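All remarks here apply to the structure that follows.
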Amino acid sequence: MAKAAGVSAMTVSNVINDHPNVRRATREKVLEAMARLDYRVNVAARNLSKGRTGTIGLAVPQVNSPYYSRLAATIITAAERHNLRVSIEQTGASRENELAALSLSRNRLYDGLILSAAGLGPADAERLKVDHPVVVLGERIFGGPVDHVAMPNVEAAEAATRHLIERGCRRIAILCGPVEEVDVSSLRLAGYRQALDKAGLPADPALIQTVERPDMREGVERAREMVDSGLDFDGLFCVNDSAAMGALRGLVSAGVRVPDQVKVIGFDNVTESEFLVPSLSTVDPDHDTMAERAVDLLIRRIEETEPGAEHEEFVSPFSVVIRESTGG
């Protein structure tokens with residue numbers, strides 16, 4: 001290539017690697033020679049020479065849920081900007097499968113792994129000490145030996161509940177999953193309680209509705225049960241949009257008008273939430289920022305020559321998106 005373009009081999013390398021200190025005329029001459037000779041960069045060979053594959057792993061609990069499918073899409077987009085490909089695994093929120101993803105990611109030729117942890121807990125922190133780069137997404141690991149990207153669950157849930165209070169709700173229910181030591185449901189329940197306490201509203205235990213899995217089907221069924229049982233509530237905060245979308249359907253099928261009789265808000269701002277009737281008010285946890293940060297942290301670990309830099313805890317910003325389900 002250097003001979004065909006009449007330049008040095010180093011200049012060709014600088015053009016291929018998009019080095020800024022190459023004159024425009026020289027760059028065009030090299031690119032023209034590459035096109036004329038139909039030259040293609042052998043990315044696999046280049047990566048192998050660096051001891052890399054150009055692929056990162058992403059392990060999520062479910063690939064078919066609205067939240068995790070959007071998360072995967074944003075991480076793929078962020079990785080593409082760094083010329084990285086993403087291989088996706090489904091763990092089913094199982095601790096064993098998440099540990100397997102951690103231990104096998106090197107064997108699967110990933111340069112690093114982004115793990116959305118749902119089954120692992122604080123007691124598993126030592127298991128995160130692996131010999132390859134890992135970034136954890138989620139709320140189950142605190143103070144572990146890896147970089148951690150999380151949502152502001154307590155603050156955002158408080159803001160969502162406060163929005164219902166500001167819209168006139170006084171009997172606000174919450175629909176969440178089983179409350180464990182540290183997980184999404186427990187953190188968002190804490191935020192819900194904080195909002196009620198600051199507003200001087202009683203925290204009626206009957207308004208805390210827990211289901212095995214906060215998804216659309218459970219949301220439909222529990223919303224109907226709440227109405228059929230005669231539970232008095234005028235607001236409903238669901239810990240994710242999947243449960244909220246199901247709850248909207250359940251309320252409407254039970255003859256409850258949303259937002260006139262019950263106002264509903266979710267969490268995650270999945271794409272579908274905007275197109276419901278009524279459209280769903282929700283918390284937007286800034287998926288793009290979370291994805292960018294997770295990929296950037298992983299790349300930093302992949303490229304570091306002397307491992308040992310202090311691990312980072314990053315909490316994403318958020319906003320409350322007001323739509324028709326709360327009278328927006």
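All residue names refer to the structure tokens as shown: chains lettered A, B, ... in order, residues numbered from 1 in each chain, ligands numbered from 1 in order.
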
Would you mind listing what lies within 9 Å of Pro152 in chain A as a ChimeraX atom specification, with only C-alpha atoms counted and same-chain residues fewer than 6 positions away left out? /A:285,315-318

Take the residues from that selection and put them in a file with all heavy atoms, as an mmCIF file, in the first residue's frame.
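The new file out.cif reads:
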data_model
loop_
_atom_site.group_PDB
_atom_site.id
_atom_site.type_symbol
_atom_site.label_atom_id
_atom_site.label_comp_id
_atom_site.auth_asym_id
_atom_site.auth_seq_id
_atom_site.Cartn_x
_atom_site.Cartn_y
_atom_site.Cartn_z
ATOM 1 N N PRO A 285 -34.668 7.330 33.255
ATOM 2 C CA PRO A 285 -33.378 7.230 33.938
ATOM 3 C C PRO A 285 -32.174 7.535 33.049
ATOM 4 O O PRO A 285 -31.040 7.243 33.428
ATOM 5 C CB PRO A 285 -33.359 5.768 34.386
ATOM 6 C CG PRO A 285 -34.106 5.054 33.316
ATOM 7 C CD PRO A 285 -35.166 6.015 32.836
ATOM 8 N N VAL A 315 -23.876 7.161 39.170
ATOM 9 C CA VAL A 315 -25.339 7.173 39.262
ATOM 10 C C VAL A 315 -25.872 8.100 38.183
ATOM 11 O O VAL A 315 -25.477 9.270 38.108
ATOM 12 C CB VAL A 315 -25.806 7.638 40.658
ATOM 13 C CG1 VAL A 315 -27.330 7.647 40.720
ATOM 14 C CG2 VAL A 315 -25.239 6.725 41.743
ATOM 15 N N SER A 316 -26.762 7.604 37.356
ATOM 16 C CA SER A 316 -27.257 8.374 36.218
ATOM 17 C C SER A 316 -28.205 9.478 36.674
ATOM 18 O O SER A 316 -28.830 9.384 37.735
ATOM 19 C CB SER A 316 -27.990 7.457 35.235
ATOM 20 O OG SER A 316 -29.220 7.018 35.787
ATOM 21 N N PRO A 317 -28.350 10.523 35.874
ATOM 22 C CA PRO A 317 -29.379 11.542 36.146
ATOM 23 C C PRO A 317 -30.757 10.982 35.772
ATOM 24 O O PRO A 317 -30.855 9.902 35.192
ATOM 25 C CB PRO A 317 -28.977 12.694 35.222
ATOM 26 C CG PRO A 317 -28.283 12.017 34.080
ATOM 27 C CD PRO A 317 -27.563 10.831 34.669
ATOM 28 N N PHE A 318 -31.819 11.705 36.101
ATOM 29 C CA PHE A 318 -33.161 11.247 35.744
ATOM 30 C C PHE A 318 -34.080 12.449 35.560
ATOM 31 O O PHE A 318 -33.756 13.566 35.960
ATOM 32 C CB PHE A 318 -33.736 10.329 36.825
ATOM 33 C CG PHE A 318 -34.189 11.056 38.079
ATOM 34 C CD1 PHE A 318 -35.491 11.500 38.217
ATOM 35 C CD2 PHE A 318 -33.291 11.328 39.114
ATOM 36 C CE1 PHE A 318 -35.904 12.173 39.360
ATOM 37 C CE2 PHE A 318 -33.690 11.996 40.257
ATOM 38 C CZ PHE A 318 -34.992 12.433 40.364
#

Quick one: contact table of range 19-137 of chain A to range 178-195 of chain A, 12 Å max, nearest atom pair and distance in Å to one decimal per residue, counting only C-alpha atoms, chain and number order, as CSV?
residue,atom,partner,partner_atom,distance
A:Ala93,CA,A:Asp183,CA,11.9
A:Ala117,CA,A:Asp183,CA,9.8
A:Ala118,CA,A:Asp183,CA,7.7
A:Gly119,CA,A:Asp183,CA,9.4
A:Leu120,CA,A:Asp183,CA,10.0
A:Gly121,CA,A:Val182,CA,7.7
A:Pro122,CA,A:Val182,CA,8.3
A:Ala123,CA,A:Glu181,CA,11.1
A:Leu137,CA,A:Val184,CA,11.7

Quick one: residues within 7 Å of range 231-233 of chain A, only C-alpha atoms counted, chain neighbours fewer than 5 positions away excluded, as a PyMOL selection string? chain A and resi 171-173+226

Write out as number ranges by chain the set of residues from range 18-133 of chain A that DSSP, computed on the backbone, places in alpha helix (DSSP H). A: 24-36, 43-49, 66-80, 95-104

Could those residues be written to a file, using C-alpha atoms, as a compact mmCIF listing (two decimals), in the first residue's frame?
# COMPACT_ATOMS: atom_id res chain seq x y z
CA ARG A 24 -5.52 16.14 3.74
CA ALA A 25 -3.85 15.63 0.34
CA THR A 26 -1.77 12.75 1.68
CA ARG A 27 -4.81 11.13 3.31
CA GLU A 28 -6.79 11.35 0.05
CA LYS A 29 -3.88 9.83 -1.91
CA VAL A 30 -3.70 6.86 0.45
CA LEU A 31 -7.48 6.36 0.47
CA GLU A 32 -7.55 6.50 -3.34
CA ALA A 33 -4.85 3.81 -3.53
CA MET A 34 -6.77 1.67 -1.04
CA ALA A 35 -9.93 1.94 -3.15
CA ARG A 36 -8.05 1.24 -6.38
CA VAL A 43 -9.58 -6.19 11.83
CA ALA A 44 -9.41 -9.70 13.30
CA ALA A 45 -5.65 -9.94 12.71
CA ARG A 46 -5.11 -6.46 14.12
CA ASN A 47 -7.12 -7.26 17.23
CA LEU A 48 -5.33 -10.56 17.77
CA SER A 49 -1.97 -8.80 17.55
CA PRO A 66 -39.00 -3.56 27.13
CA TYR A 67 -36.39 -2.22 29.55
CA TYR A 68 -33.58 -4.67 28.83
CA SER A 69 -34.14 -4.62 25.07
CA ARG A 70 -33.77 -0.85 25.14
CA LEU A 71 -30.72 -1.10 27.39
CA ALA A 72 -29.11 -3.56 24.97
CA ALA A 73 -29.84 -1.31 21.99
CA THR A 74 -28.26 1.74 23.65
CA ILE A 75 -25.17 -0.23 24.71
CA ILE A 76 -24.78 -1.61 21.16
CA THR A 77 -24.96 1.95 19.79
CA ALA A 78 -22.41 3.20 22.34
CA ALA A 79 -20.07 0.28 21.58
CA GLU A 80 -20.30 0.85 17.82
CA ARG A 95 -27.37 -15.94 40.51
CA GLU A 96 -25.81 -19.09 39.07
CA ASN A 97 -26.14 -17.85 35.50
CA GLU A 98 -24.70 -14.45 36.39
CA LEU A 99 -21.71 -16.12 38.04
CA ALA A 100 -21.31 -18.30 34.95
CA ALA A 101 -21.32 -15.21 32.73
CA LEU A 102 -18.57 -13.75 34.90
CA SER A 103 -16.38 -16.83 34.86
CA LEU A 104 -16.88 -17.78 31.20

Top pick for closest residue to Met245 in chain A, considering A:Ser229, A:Leu196, A:Arg127, A:Ser325 and counting only C-alpha atoms: A:Ser325

Would you mind listing what lies within 8 Å of Glu126 in chain A as a ChimeraX atom specification, with only C-alpha atoms counted and same-chain residues fewer than 3 positions away left out? /A:123,129,144-145

Leaving out Ile208 in chain A and any residue of its chain fewer than 5 positions from it, which residues lie within 8 Å of it when counting only C-alpha atoms, given as a list in words?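 Everything that qualifies: Ala173, Ile174, Leu175 and Cys176 of chain A.
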
Please save all heavy atoms of the selected residues as a PDB file, in the first residue's frame.
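What ended up in part38.pdb:
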ATOM      1  N   ALA A 173     -50.973   3.949  45.929  1.00  0.00           N
ATOM      2  CA  ALA A 173     -50.490   2.573  46.044  1.00  0.00           C
ATOM      3  C   ALA A 173     -49.178   2.427  45.276  1.00  0.00           C
ATOM      4  O   ALA A 173     -48.875   3.217  44.372  1.00  0.00           O
ATOM      5  CB  ALA A 173     -51.536   1.604  45.495  1.00  0.00           C
ATOM      6  N   ILE A 174     -48.414   1.418  45.641  1.00  0.00           N
ATOM      7  CA  ILE A 174     -47.199   1.079  44.903  1.00  0.00           C
ATOM      8  C   ILE A 174     -47.273  -0.386  44.508  1.00  0.00           C
ATOM      9  O   ILE A 174     -47.705  -1.239  45.298  1.00  0.00           O
ATOM     10  CB  ILE A 174     -45.921   1.350  45.733  1.00  0.00           C
ATOM     11  CG1 ILE A 174     -44.672   0.977  44.917  1.00  0.00           C
ATOM     12  CG2 ILE A 174     -45.950   0.609  47.059  1.00  0.00           C
ATOM     13  CD1 ILE A 174     -43.356   1.392  45.577  1.00  0.00           C
ATOM     14  N   LEU A 175     -46.905  -0.686  43.279  1.00  0.00           N
ATOM     15  CA  LEU A 175     -46.860  -2.056  42.775  1.00  0.00           C
ATOM     16  C   LEU A 175     -45.393  -2.414  42.542  1.00  0.00           C
ATOM     17  O   LEU A 175     -44.730  -1.807  41.705  1.00  0.00           O
ATOM     18  CB  LEU A 175     -47.656  -2.170  41.470  1.00  0.00           C
ATOM     19  CG  LEU A 175     -47.724  -3.556  40.825  1.00  0.00           C
ATOM     20  CD1 LEU A 175     -48.296  -4.584  41.780  1.00  0.00           C
ATOM     21  CD2 LEU A 175     -48.538  -3.504  39.539  1.00  0.00           C
ATOM     22  N   CYS A 176     -44.884  -3.378  43.309  1.00  0.00           N
ATOM     23  CA  CYS A 176     -43.462  -3.701  43.238  1.00  0.00           C
ATOM     24  C   CYS A 176     -43.255  -5.210  43.336  1.00  0.00           C
ATOM     25  O   CYS A 176     -44.209  -5.972  43.559  1.00  0.00           O
ATOM     26  CB  CYS A 176     -42.684  -2.994  44.345  1.00  0.00           C
ATOM     27  SG  CYS A 176     -43.211  -3.400  46.029  1.00  0.00           S
TER      28      CYS A 176
END

Straight-line distance linking CA of Ile56 in chain A with CA of Asn269 in chain A, stated in Å to one decimal: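 It comes out at 25.8 Å.
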
Nearest to Asn240 in chain A, chosen from A:Leu113, A:Ala294, A:Val264, A:Leu164, with only C-alpha atoms counted in the distances: A:Val264

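For the atom pair formed by CA of Cys238 in chain A and CA of Gly266 in chain A, the distance is 4.9 Å, given to one decimal.
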
Quick check, in Å to one decimal: how far apart do CA of Asn14 in chain A and CA of Arg301 in chain A lie?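 Going from CA of Asn14 in chain A over to CA of Arg301 in chain A covers 24.6 Å.
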
Range 30-207 of chain A: which residues are strand (DSSP E) by DSSP, as a PyMOL selection string? chain A and resi 55-60+85-90+113-116+134-137+147-150+172-176
